$ cat upload07.cif   # mmCIF, C-alpha atoms
data_coords
#
loop_
_atom_site.label_atom_id
_atom_site.label_comp_id
_atom_site.auth_asym_id
_atom_site.auth_seq_id
_atom_site.Cartn_x
_atom_site.Cartn_y
_atom_site.Cartn_z
CA MET A 54 -17.68 -56.28 46.24
CA GLU A 55 -19.23 -59.73 46.47
CA ALA A 56 -19.16 -62.75 44.24
CA THR A 57 -22.34 -63.21 42.25
CA PRO A 58 -24.31 -65.94 43.96
CA GLY A 59 -25.49 -68.96 42.07
CA PRO A 60 -28.52 -71.09 42.87
CA GLY A 61 -28.67 -71.67 46.59
CA ARG A 62 -25.55 -69.68 47.23
CA GLY A 63 -25.33 -66.90 49.76
CA PRO A 64 -24.23 -63.47 48.58
CA ALA A 65 -21.68 -63.52 51.37
CA ALA A 66 -20.11 -66.77 50.15
CA TRP A 67 -16.80 -65.23 49.16
CA ASP A 68 -15.66 -61.74 50.07
CA ASN A 69 -13.83 -60.09 47.17
CA PRO A 70 -12.60 -56.66 48.29
CA LEU A 71 -10.08 -54.51 46.47
CA LEU A 72 -6.52 -54.63 47.77
CA ALA A 73 -5.38 -51.64 49.79
CA GLY A 74 -2.73 -49.93 47.66
CA ARG A 75 -1.71 -47.46 50.36
CA ILE A 76 -1.05 -50.29 52.81
CA ALA A 77 1.00 -52.14 50.22
CA VAL A 78 3.26 -49.13 49.73
CA LEU A 79 3.59 -48.53 53.47
CA SER A 80 4.38 -52.19 54.17
CA LEU A 81 7.16 -52.23 51.57
CA SER A 82 8.98 -49.60 53.61
CA ALA A 83 10.01 -52.59 55.74
CA LEU A 84 12.70 -53.35 53.17
CA PRO A 85 14.79 -50.15 53.47
CA VAL A 86 14.17 -50.02 57.22
CA SER A 87 15.43 -53.57 57.77
CA TYR A 88 18.42 -52.97 55.51
CA ALA A 89 19.39 -49.81 57.40
CA LEU A 90 19.03 -51.50 60.77
CA ASN A 91 21.14 -54.41 59.60
CA GLN A 92 24.04 -52.00 59.00
CA MET A 93 23.96 -50.65 62.56
CA SER A 94 26.66 -52.30 64.65
CA ALA A 95 24.84 -51.24 67.83
CA LEU A 96 22.16 -53.85 67.13
CA SER A 97 24.40 -56.68 68.27
CA HIS A 98 22.76 -57.06 71.66
CA PRO A 99 19.37 -58.78 72.18
CA LEU A 100 18.03 -55.96 74.37
CA TRP A 101 18.83 -53.32 71.75
CA VAL A 102 17.17 -55.44 69.05
CA ALA A 103 14.00 -55.78 71.11
CA SER A 104 13.96 -52.07 72.00
CA MET A 105 14.40 -51.01 68.39
CA SER A 106 11.66 -53.42 67.27
CA PHE A 107 9.19 -51.98 69.78
CA LEU A 108 10.16 -48.43 68.78
CA ILE A 109 9.67 -49.06 65.04
CA LEU A 110 6.29 -50.70 65.56
CA GLY A 111 5.23 -47.82 67.80
CA LEU A 112 6.27 -45.21 65.25
CA LEU A 113 4.53 -47.19 62.52
CA PHE A 114 1.30 -47.28 64.50
CA MET A 115 1.45 -43.53 65.09
CA ALA A 116 2.00 -42.91 61.38
CA ILE A 117 -0.94 -45.14 60.48
CA TYR A 118 -3.18 -43.41 63.00
CA SER A 119 -2.32 -39.96 61.66
CA LEU A 120 -2.84 -41.00 58.04
CA SER A 121 -5.94 -43.18 58.38
CA ARG A 122 -8.08 -41.82 61.20
CA CYS A 123 -11.27 -42.24 59.19
CA GLU A 124 -10.64 -45.93 58.49
CA ILE A 125 -9.55 -46.63 62.07
CA SER A 126 -12.64 -44.92 63.49
CA HIS A 127 -14.76 -47.12 61.21
CA ASP A 128 -12.90 -50.31 62.19
CA PRO A 129 -9.86 -50.33 64.52
CA LEU A 130 -8.68 -53.57 62.92
CA TYR A 131 -7.52 -51.43 59.99
CA ALA A 132 -4.52 -50.35 62.09
CA VAL A 133 -3.83 -53.95 63.12
CA PHE A 134 -3.88 -55.20 59.55
CA THR A 135 -1.58 -52.39 58.45
CA VAL A 136 1.01 -53.11 61.14
CA PHE A 137 0.82 -56.83 60.45
CA ALA A 138 1.26 -56.21 56.70
CA PHE A 139 4.53 -54.47 57.56
CA THR A 140 5.68 -57.43 59.68
CA SER A 141 4.63 -59.82 56.91
CA VAL A 142 7.11 -58.17 54.55
CA VAL A 143 9.74 -58.52 57.26
CA ASP A 144 8.90 -62.22 57.65
CA LEU A 145 9.09 -62.86 53.92
CA THR A 146 12.49 -61.14 53.87
CA ILE A 147 13.67 -63.38 56.72
CA ALA A 148 12.53 -66.52 54.89
CA LEU A 149 14.19 -65.49 51.62
CA GLN A 150 17.35 -64.56 53.50
CA GLU A 151 17.55 -67.87 55.37
CA ASP A 152 17.14 -69.75 52.09
CA GLY A 153 19.91 -67.69 50.51
CA TYR A 154 17.86 -65.66 48.02
CA VAL A 155 18.66 -62.25 49.56
CA MET A 156 21.37 -60.95 51.87
CA GLY A 157 22.02 -58.00 54.15
CA PHE A 158 18.51 -57.39 55.53
CA MET A 159 17.60 -59.26 58.72
CA GLU A 160 20.73 -61.09 59.88
CA PHE A 161 20.83 -58.97 63.05
CA TYR A 162 17.31 -60.03 64.02
CA THR A 163 17.64 -63.77 63.43
CA ARG A 164 21.01 -63.70 65.21
CA GLU A 165 20.17 -61.60 68.26
CA GLY A 166 16.38 -61.32 68.26
CA GLU A 167 14.66 -64.61 67.44
CA PRO A 168 17.18 -67.31 66.45
CA TYR A 169 14.42 -69.94 66.27
CA LEU A 170 13.20 -68.24 63.08
CA ARG A 171 16.18 -69.91 61.43
CA THR A 172 14.64 -73.36 61.95
CA ALA A 173 12.83 -75.06 59.10
CA HIS A 174 9.49 -74.47 60.82
CA GLY A 175 10.33 -70.82 61.43
CA ILE A 176 11.24 -70.32 57.78
CA PHE A 177 7.97 -71.78 56.53
CA ILE A 178 5.74 -69.82 58.89
CA CYS A 179 7.59 -66.74 57.59
CA TYR A 180 6.82 -67.78 54.01
CA TRP A 181 3.14 -68.25 54.87
CA ASP A 182 2.95 -64.96 56.75
CA GLY A 183 4.73 -63.10 53.95
CA THR A 184 2.41 -64.42 51.23
CA VAL A 185 -1.00 -65.68 52.38
CA HIS A 186 -1.33 -63.46 55.45
CA TYR A 187 0.05 -60.48 53.54
CA LEU A 188 -2.60 -60.78 50.82
CA LEU A 189 -5.29 -61.24 53.45
CA TYR A 190 -4.16 -58.06 55.24
CA LEU A 191 -4.28 -56.07 52.01
CA ALA A 192 -7.68 -57.49 51.14
CA MET A 193 -9.20 -56.86 54.56
CA ALA A 194 -7.72 -53.35 54.80
CA GLY A 195 -9.08 -52.64 51.32
CA ALA A 196 -12.50 -53.89 52.42
CA ILE A 197 -12.50 -51.56 55.43
CA ARG A 198 -11.44 -48.63 53.29
CA LYS A 199 -14.24 -49.32 50.78
CA ARG A 200 -16.73 -50.12 53.56
CA HIS A 201 -17.13 -53.67 52.32
CA ARG A 202 -17.56 -56.81 54.38
CA TYR A 203 -14.62 -59.12 55.04
CA ARG A 204 -16.14 -61.60 57.48
CA ASN A 205 -15.05 -64.77 55.66
CA LEU A 206 -11.56 -63.44 54.97
CA GLY A 207 -11.31 -62.46 58.63
CA LEU A 208 -12.37 -65.90 59.83
CA TYR A 209 -9.83 -67.62 57.58
CA TRP A 210 -7.07 -65.29 58.81
CA LEU A 211 -8.15 -65.78 62.40
CA GLY A 212 -7.75 -69.55 62.20
CA SER A 213 -4.47 -69.35 60.29
CA PHE A 214 -2.90 -66.69 62.52
CA THR A 215 -3.95 -68.37 65.76
CA MET A 216 -2.57 -71.74 64.71
CA SER A 217 0.71 -70.20 63.57
CA VAL A 218 1.27 -68.25 66.80
CA LEU A 219 0.14 -71.05 69.09
CA VAL A 220 2.42 -73.73 67.64
CA PHE A 221 5.40 -71.40 67.30
CA LEU A 222 5.27 -69.92 70.80
CA VAL A 223 4.63 -73.21 72.59
CA GLY A 224 7.31 -74.94 70.51
CA ASN A 225 9.82 -72.20 71.38
CA VAL A 226 9.18 -72.65 75.09
CA LEU A 227 9.17 -76.46 75.12
CA GLY A 228 11.70 -77.29 72.40
CA LYS A 229 15.46 -77.22 72.21
CA TYR A 230 15.41 -73.43 71.61
CA SER A 231 13.91 -72.73 75.04
CA SER A 232 17.35 -71.57 76.22
CA GLU A 233 17.58 -69.16 73.25
CA ILE A 234 14.57 -67.03 74.19
CA ARG A 235 15.52 -63.34 73.98
CA PRO A 236 13.67 -60.10 74.89
CA SER A 237 12.24 -59.94 71.34
CA PHE A 238 10.15 -62.97 72.30
CA PHE A 239 7.88 -60.62 74.24
CA LEU A 240 6.82 -59.05 70.95
CA ALA A 241 4.63 -62.14 70.74
CA ILE A 242 2.47 -61.00 73.66
CA PRO A 243 0.36 -58.68 71.47
CA CYS A 244 0.16 -61.52 68.94
CA MET A 245 -1.53 -63.66 71.60
CA LEU A 246 -4.00 -60.93 72.55
CA VAL A 247 -4.90 -59.64 69.08
CA PRO A 248 -6.72 -62.83 67.90
CA CYS A 249 -9.00 -62.71 70.96
CA TRP A 250 -10.01 -59.12 70.26
CA ALA A 251 -10.15 -59.60 66.49
CA ALA A 252 -12.34 -62.71 66.87
CA ARG A 253 -14.96 -60.73 68.77
CA ARG A 254 -15.08 -58.05 66.08
CA VAL A 255 -15.09 -60.47 63.13
CA PHE A 256 -17.78 -62.77 64.57
CA ARG A 257 -19.94 -59.74 65.39
CA GLN A 258 -19.96 -58.58 61.79
CA PRO A 259 -23.49 -59.04 60.44
CA GLN A 260 -24.22 -61.89 58.10
CA GLU A 261 -26.31 -61.03 55.09
CA PRO A 262 -29.17 -63.48 54.54
CA PRO A 263 -28.29 -65.99 51.80
CA CYS A 264 -30.28 -66.18 48.59
CA CYS A 265 -32.19 -69.27 49.67
CA THR A 266 -35.97 -69.26 49.75
CA PRO A 267 -37.76 -71.20 52.53
CA THR A 268 -38.79 -73.73 49.90
CA MET A 269 -35.17 -74.29 48.87
CA VAL A 270 -34.13 -74.69 52.51
CA LEU A 271 -36.88 -77.21 53.23
CA GLU A 272 -36.12 -79.13 50.05
CA GLU A 273 -32.40 -79.33 50.80
CA GLN A 274 -32.88 -80.24 54.43
CA GLY A 275 -35.35 -82.94 53.48
CA LYS A 276 -32.64 -84.92 51.68
CA GLY A 277 -30.89 -87.72 53.51
CA ILE A 278 -27.13 -88.10 53.48
CA LEU A 279 -27.37 -90.78 50.76
CA GLN A 280 -29.11 -88.27 48.50
CA ARG A 281 -26.19 -85.85 48.90
CA PRO A 282 -23.15 -87.67 47.49
CA ALA A 283 -20.80 -84.69 47.98
CA ASP A 284 -21.70 -84.48 51.67
CA LEU A 285 -21.39 -88.26 51.98
CA ALA A 286 -17.86 -88.04 50.56
CA LEU A 287 -17.02 -85.25 53.03
CA VAL A 288 -18.30 -87.32 55.94
CA GLY A 289 -16.14 -90.22 54.79
CA TYR A 290 -13.16 -87.90 54.55
CA LEU A 291 -13.77 -86.49 58.03
CA ILE A 292 -13.92 -89.98 59.53
CA LEU A 293 -10.64 -91.00 57.90
CA ALA A 294 -9.01 -87.67 58.81
CA ALA A 295 -10.16 -88.11 62.42
CA PHE A 296 -8.49 -91.54 62.64
CA PHE A 297 -5.31 -90.12 61.08
CA THR A 298 -5.37 -87.23 63.56
CA LEU A 299 -5.78 -89.57 66.52
CA PHE A 300 -3.06 -91.89 65.22
CA ARG A 301 -0.46 -89.13 64.83
CA GLY A 302 -1.37 -87.76 68.24
CA LEU A 303 -0.68 -91.16 69.78
CA VAL A 304 2.58 -91.40 67.84
CA VAL A 305 4.00 -88.20 69.36
CA LEU A 306 2.82 -89.38 72.78
CA ASP A 307 5.25 -92.31 72.40
CA CYS A 308 2.70 -95.01 71.70
CA SER A 309 4.50 -98.34 72.08
CA THR A 310 2.75 -100.30 69.31
CA ASP A 311 4.73 -101.56 66.34
CA THR A 312 2.63 -99.49 63.93
CA CYS A 313 3.47 -96.23 65.71
CA PHE A 314 7.14 -97.21 65.91
CA VAL A 315 7.34 -97.97 62.19
CA TYR A 316 5.47 -94.79 61.27
CA ILE A 317 7.61 -92.38 63.28
CA TYR A 318 10.87 -93.89 62.08
CA GLN A 319 10.07 -94.76 58.47
CA TYR A 320 7.38 -92.30 57.37
CA GLU A 321 7.43 -89.12 59.50
CA PRO A 322 10.66 -89.00 61.49
CA TYR A 323 10.21 -85.22 61.70
CA LEU A 324 7.75 -85.91 64.53
CA ARG A 325 10.81 -86.82 66.66
CA ASP A 326 12.63 -83.54 65.98
CA PRO A 327 13.62 -81.96 69.33
CA VAL A 328 12.50 -78.51 68.12
CA ALA A 329 9.06 -79.66 69.43
CA TYR A 330 7.02 -77.85 66.76
CA PRO A 331 5.76 -81.07 65.11
CA LYS A 332 4.85 -82.62 68.46
CA VAL A 333 2.94 -79.51 69.53
CA GLN A 334 1.22 -79.44 66.13
CA MET A 335 0.02 -83.04 66.39
CA LEU A 336 -1.25 -82.52 69.94
CA ILE A 337 -3.21 -79.43 68.88
CA TYR A 338 -4.68 -81.48 66.04
CA MET A 339 -5.72 -84.21 68.47
CA PHE A 340 -7.24 -81.97 71.15
CA TYR A 341 -8.90 -79.35 68.92
CA VAL A 342 -9.17 -80.50 65.30
CA LEU A 343 -10.30 -84.03 66.14
CA PRO A 344 -13.43 -82.87 68.04
CA PHE A 345 -14.21 -80.45 65.22
CA TYR A 346 -14.11 -83.27 62.67
CA GLY A 347 -16.64 -85.20 64.72
CA LEU A 348 -18.95 -82.20 65.06
CA ALA A 349 -18.59 -81.33 61.36
CA ALA A 350 -19.58 -84.88 60.36
CA TYR A 351 -22.64 -84.56 62.57
CA ALA A 352 -23.55 -81.21 60.98
CA LEU A 353 -23.30 -82.71 57.48
CA ILE A 354 -25.75 -85.45 58.42
CA PHE A 355 -28.31 -83.52 60.46
CA PRO A 356 -29.67 -80.21 59.07
CA GLY A 357 -29.83 -76.81 60.70
CA CYS A 358 -26.32 -76.62 62.23
CA SER A 359 -25.87 -72.95 61.42
CA TRP A 360 -22.55 -72.74 63.29
CA LEU A 361 -20.67 -74.94 60.80
CA PRO A 362 -19.98 -72.44 57.94
CA ASP A 363 -18.15 -69.98 60.19
CA TRP A 364 -16.13 -72.60 62.02
CA ALA A 365 -15.35 -74.50 58.84
CA VAL A 366 -13.64 -71.35 57.51
CA VAL A 367 -11.71 -70.88 60.77
CA PHE A 368 -10.43 -74.46 60.74
CA ALA A 369 -9.68 -74.30 57.02
CA GLY A 370 -7.31 -71.43 57.70
CA ALA A 371 -5.77 -73.14 60.72
CA ILE A 372 -5.15 -76.48 59.02
CA GLY A 373 -3.98 -74.90 55.77
CA GLN A 374 -1.30 -72.93 57.59
CA ALA A 375 -0.32 -75.84 59.81
CA GLN A 376 0.04 -78.33 56.98
CA PHE A 377 2.04 -75.92 54.84
CA SER A 378 4.54 -75.39 57.65
CA HIS A 379 4.63 -79.05 58.68
CA MET A 380 5.11 -80.42 55.17
CA GLY A 381 7.70 -77.84 54.24
CA ALA A 382 9.71 -78.25 57.43
CA SER A 383 9.65 -82.04 57.11
CA MET A 384 11.59 -81.79 53.83
CA HIS A 385 13.69 -78.64 54.31
CA VAL A 386 17.48 -78.80 54.49
CA ARG A 387 17.46 -76.97 57.85
CA THR A 388 15.86 -80.08 59.34
CA PRO A 389 18.58 -82.59 60.30
CA PHE A 390 18.84 -85.42 57.80
CA THR A 391 17.74 -88.09 60.31
CA TYR A 392 14.43 -86.26 60.84
CA ARG A 393 13.62 -85.58 57.19
CA VAL A 394 11.13 -87.64 55.20
CA PRO A 395 12.91 -90.70 53.73
CA ASP A 396 13.04 -90.80 49.94
CA ASP A 397 11.10 -94.07 49.72
CA ALA A 398 8.28 -92.67 51.89
CA TRP A 399 8.09 -89.26 50.24
CA ALA A 400 5.12 -89.97 47.95
CA GLY A 401 2.95 -91.42 50.72
CA PHE A 402 3.87 -88.64 53.13
CA PHE A 403 3.17 -85.90 50.59
CA LEU A 404 -0.16 -87.35 49.40
CA SER A 405 -1.55 -88.05 52.87
CA ASN A 406 -0.60 -84.62 54.23
CA LEU A 407 -1.82 -82.83 51.10
CA LEU A 408 -5.22 -84.52 51.39
CA TYR A 409 -5.27 -83.62 55.08
CA ALA A 410 -4.77 -79.97 54.10
CA LEU A 411 -7.24 -79.89 51.19
CA GLY A 412 -10.20 -81.53 52.91
CA PRO A 413 -11.00 -78.60 55.25
CA GLN A 414 -10.74 -76.18 52.32
CA LEU A 415 -13.35 -78.19 50.42
CA LEU A 416 -15.57 -78.35 53.51
CA ALA A 417 -15.42 -74.57 53.91
CA ALA A 418 -16.19 -74.04 50.22
CA ARG A 419 -19.18 -76.39 50.41
CA CYS A 420 -20.58 -74.59 53.47
CA LEU A 421 -20.22 -71.11 51.97
CA LEU A 422 -21.34 -71.78 48.42
CA TRP A 423 -24.37 -73.98 49.23
CA PRO A 424 -25.47 -73.00 52.75
CA ALA A 425 -29.15 -74.02 52.58
CA PHE A 426 -28.66 -77.28 54.48
CA PHE A 427 -27.11 -75.46 57.45
CA LEU A 428 -29.65 -72.65 57.81
CA ASN A 429 -32.20 -72.66 60.58
CA PRO A 430 -35.37 -74.22 59.20
CA PRO A 431 -38.12 -71.71 58.41
CA PRO A 432 -41.12 -71.59 60.76
CA PRO A 433 -44.08 -73.71 59.64
CA GLU A 434 -46.85 -71.94 57.77
CA PRO A 435 -50.13 -71.49 59.65
CA PRO A 436 -53.04 -73.79 58.70
CA ALA A 437 -55.23 -72.75 55.81
CA HIS A 438 -58.32 -71.98 57.94
CA LYS A 439 -56.26 -69.58 60.10
CA LYS A 440 -55.03 -67.82 56.97
CA GLN A 441 -58.65 -67.24 55.88
CA GLN A 442 -59.56 -65.85 59.29
#
$ encode --input "upload07.cif" --output "structure tokens"
Amino acid sequence: MEATPGPGRGPAAWDNPLLAGRIAVLSLSALPVSYALNQMSALSHPLWVASMSFLILGLLFMAIYSLSRCEISHDPLYAVFTVFAFTSVVDLTIALQEDGYVMGFMEFYTREGEPYLRTAHGIFICYWDGTVHYLLYLAMAGAIRKRHRYRNLGLYWLGSFTMSVLVFLVGNVLGKYSSEIRPSFFLAIPCMLVPCWAARRVFRQPQEPPCCTPTMVLEEQGKGILQRPADLALVGYLILAAFFTLFRGLVVLDCSTDTCFVYIYQYEPYLRDPVAYPKVQMLIYMFYVLPFYGLAAYALIFPGCSWLPDWAVVFAGAIGQAQFSHMGASMHVRTPFTYRVPDDAWAGFFLSNLLYALGPQLLAARCLLWPAFFLNPPPPEPPAHKKQQ
């Protein structure tokens, strides 16, 4: 199922597959399974927790393979999305448990398996995984089952999932919880390999040609940046966001200027938190997101940069996930009071970080809904006398 394209919009602008009901039911089995495991006194040792986790995921994969061989043969990512939907329910349960909304489900795992999930950052990546990622898994599995495309959904998930795993794993190793790493940490190894394999499959999915005639493409690409006020606003946003990205990167690198000192102590003290997640996040922004902002601004000024729509969706997912976790952790009660956002700086912090999260979403929407400017220009028509010949 695809959204009906408007003028100049590609039919592949937004994937809209049906949700996979079977996967939803299977993933909800995580609730009784986690409750039963929580009652087992044997799961009080980290090695037993890791072994049981590997066993459950293995049994789950075997069940999926036996029940959905047709879907898996069509696209092996169906099995991946199904397993990850199960873990998303587990993550949402962990987040709700750590915030005191439920009890008796995953205490054994956060105590003996991955204690860093009890941090503010860990709680918010669990919220994101249990909501946004969960819906994406259901949507993409439903698309595979119905033989629909899910390229854009897959790109958004790819960026979001990669950013989540990268910041969390590096922060665990470098931060104050590095001494708390248990055998369950090695469950993350498949999580590091899956995005590489999934990226190859998602990027290789064919793109349907957008509903843009050569005349429309030439007309759109003939406009200067001043004739495209929306693109001009996006370029202005990208420039400001690039400076903000560079500034926060310098802040976490212990820049000695008075401006950096005031910012890290009076506006975003969470950047000093020894858990290391915020520092890793800002450095990833500086080394990866900052170059993308520069390239995206170039692609909005000069026509024919056909790579931008795909990568805009990837970075929209990555920055959306990162900002959700960063903003939430900065204000959560699990963050020590000295590292939380001060009350008098809350409005500025919230507005600046919200705009930083929304900008890439708007850029991705612009690229997908009105792609004519980014298409390769059509070949020139032959001269009239050659047509007659």
$ atom_distance --input "upload07.cif" --atom1 "atom CA of Leu113 of chain A" --atom2 "atom CA of Leu222 of chain A"
24.2 Å
$ atom_distance --input "upload07.cif" --atom1 "atom CA of Ser309 of chain A" --atom2 "atom CA of Ala295 of chain A"
20.3 Å
$ closest_residue --input "upload07.cif" --among "A:Phe137, A:Phe296, A:Gly289, A:Val226" --to "Tyr338 of chain A" --atoms "only C-alpha atoms"
A:Phe296
$ closest_residue --input "upload07.cif" --among "A:Phe177, A:Tyr169, A:Phe340, A:Phe158" --to "Val86 of chain A" --atoms "all atoms listed in the file"
A:Phe158
$ resolve_selection --input "upload07.cif" --expression "the PyMOL selection byres ((chain A and resi 95-107) around 10)" --output "PyMOL selection string"
chain A and resi 90-94+108-113+161-162+164-167+234-240
$ closest_residue --input "upload07.cif" --among "A:Ala192, A:Arg202, A:Leu422, A:Ala83" --to "Cys265 of chain A" --atoms "all atoms listed in the file"
A:Leu422
$ resolve_selection --input "upload07.cif" --expression "the PyMOL selection byres ((chain A and resi 356) around 6)" --output "ChimeraX atom specification"
/A:274,355,357-358,426-427
$ write_last_selection --input "upload07.cif" --atoms "C-alpha atoms" --output "short mmCIF file (atom, residue, chain, number, x, y, z; two decimals), in the frame of the given file"
data_model
loop_
_atom_site.label_atom_id
_atom_site.label_comp_id
_atom_site.auth_asym_id
_atom_site.auth_seq_id
_atom_site.Cartn_x
_atom_site.Cartn_y
_atom_site.Cartn_z
CA GLN A 274 -32.88 -80.24 54.43
CA PHE A 355 -28.31 -83.52 60.46
CA GLY A 357 -29.83 -76.81 60.70
CA CYS A 358 -26.32 -76.62 62.23
CA PHE A 426 -28.66 -77.28 54.48
CA PHE A 427 -27.11 -75.46 57.45
#
$ resolve_selection --input "upload07.cif" --expression "the PyMOL selection byres ((chain A and resi 311-318) around 12)" --output "MDAnalysis selection string"
chainID A and resid 297 299:310 319:326 331:332 391:395 398 401:402
$ atom_distance --input "upload07.cif" --atom1 "atom CA of Thr135 of chain A" --atom2 "atom CA of Tyr88 of chain A"
20.2 Å
$ closest_residue --input "upload07.cif" --among "A:His201, A:Val185, A:Leu206, A:Met159" --to "His127 of chain A" --atoms "only C-alpha atoms"
A:His201
$ residues_around --input "upload07.cif" --residues "Asp284 of chain A" --least-positions-apart "5" --cutoff "9 Å" --atoms "all atoms listed in the file" --output "JSON, numbers by chain"
{"A": [278, 279, 289, 350, 353, 354, 416, 419]}
$ residues_around --input "upload07.cif" --residues "Ala252 of chain A" --least-positions-apart "5" --cutoff "12 Å" --atoms "all atoms listed in the file" --output "PyMOL selection string"
chain A and resi 130+204-212+214-215+245-247+257-258+363-364+367
$ build_atoms --input "upload07.cif" --residues "segment 243-256 of chain A" --atoms "N, CA, C and O atoms" --output "mmCIF file, in the frame of the given file"
data_model
loop_
_atom_site.group_PDB
_atom_site.id
_atom_site.type_symbol
_atom_site.label_atom_id
_atom_site.label_comp_id
_atom_site.auth_asym_id
_atom_site.auth_seq_id
_atom_site.Cartn_x
_atom_site.Cartn_y
_atom_site.Cartn_z
ATOM 1 N N PRO A 243 1.514 -59.228 72.222
ATOM 2 C CA PRO A 243 0.360 -58.680 71.470
ATOM 3 C C PRO A 243 -0.207 -59.673 70.475
ATOM 4 O O PRO A 243 -1.425 -59.675 70.225
ATOM 5 N N CYS A 244 0.646 -60.524 69.914
ATOM 6 C CA CYS A 244 0.160 -61.520 68.940
ATOM 7 C C CYS A 244 -0.766 -62.527 69.596
ATOM 8 O O CYS A 244 -1.612 -63.129 68.917
ATOM 9 N N MET A 245 -0.623 -62.747 70.905
ATOM 10 C CA MET A 245 -1.530 -63.660 71.600
ATOM 11 C C MET A 245 -2.846 -62.977 71.963
ATOM 12 O O MET A 245 -3.877 -63.631 72.089
ATOM 13 N N LEU A 246 -2.795 -61.649 72.138
ATOM 14 C CA LEU A 246 -4.000 -60.930 72.550
ATOM 15 C C LEU A 246 -4.842 -60.485 71.358
ATOM 16 O O LEU A 246 -6.081 -60.441 71.444
ATOM 17 N N VAL A 247 -4.182 -60.162 70.247
ATOM 18 C CA VAL A 247 -4.900 -59.640 69.080
ATOM 19 C C VAL A 247 -5.959 -60.614 68.566
ATOM 20 O O VAL A 247 -7.093 -60.196 68.278
ATOM 21 N N PRO A 248 -5.666 -61.939 68.416
ATOM 22 C CA PRO A 248 -6.720 -62.830 67.900
ATOM 23 C C PRO A 248 -7.974 -62.844 68.760
ATOM 24 O O PRO A 248 -9.086 -62.983 68.226
ATOM 25 N N CYS A 249 -7.822 -62.709 70.081
ATOM 26 C CA CYS A 249 -9.000 -62.710 70.960
ATOM 27 C C CYS A 249 -9.886 -61.499 70.662
ATOM 28 O O CYS A 249 -11.113 -61.616 70.537
ATOM 29 N N TRP A 250 -9.259 -60.337 70.546
ATOM 30 C CA TRP A 250 -10.010 -59.120 70.260
ATOM 31 C C TRP A 250 -10.555 -59.139 68.831
ATOM 32 O O TRP A 250 -11.725 -58.787 68.590
ATOM 33 N N ALA A 251 -9.718 -59.566 67.884
ATOM 34 C CA ALA A 251 -10.150 -59.600 66.490
ATOM 35 C C ALA A 251 -11.303 -60.591 66.300
ATOM 36 O O ALA A 251 -12.221 -60.347 65.506
ATOM 37 N N ALA A 252 -11.266 -61.714 67.008
ATOM 38 C CA ALA A 252 -12.340 -62.710 66.870
ATOM 39 C C ALA A 252 -13.685 -62.121 67.269
ATOM 40 O O ALA A 252 -14.699 -62.364 66.599
ATOM 41 N N ARG A 253 -13.704 -61.352 68.341
ATOM 42 C CA ARG A 253 -14.960 -60.730 68.770
ATOM 43 C C ARG A 253 -15.500 -59.802 67.690
ATOM 44 O O ARG A 253 -16.708 -59.812 67.392
ATOM 45 N N ARG A 254 -14.627 -59.004 67.086
ATOM 46 C CA ARG A 254 -15.080 -58.050 66.080
ATOM 47 C C ARG A 254 -15.505 -58.750 64.788
ATOM 48 O O ARG A 254 -16.498 -58.365 64.160
ATOM 49 N N VAL A 255 -14.761 -59.782 64.385
ATOM 50 C CA VAL A 255 -15.090 -60.470 63.130
ATOM 51 C C VAL A 255 -16.395 -61.247 63.282
ATOM 52 O O VAL A 255 -17.274 -61.194 62.415
ATOM 53 N N PHE A 256 -16.557 -61.975 64.379
ATOM 54 C CA PHE A 256 -17.780 -62.770 64.570
ATOM 55 C C PHE A 256 -19.002 -61.880 64.744
ATOM 56 O O PHE A 256 -20.128 -62.321 64.469
#
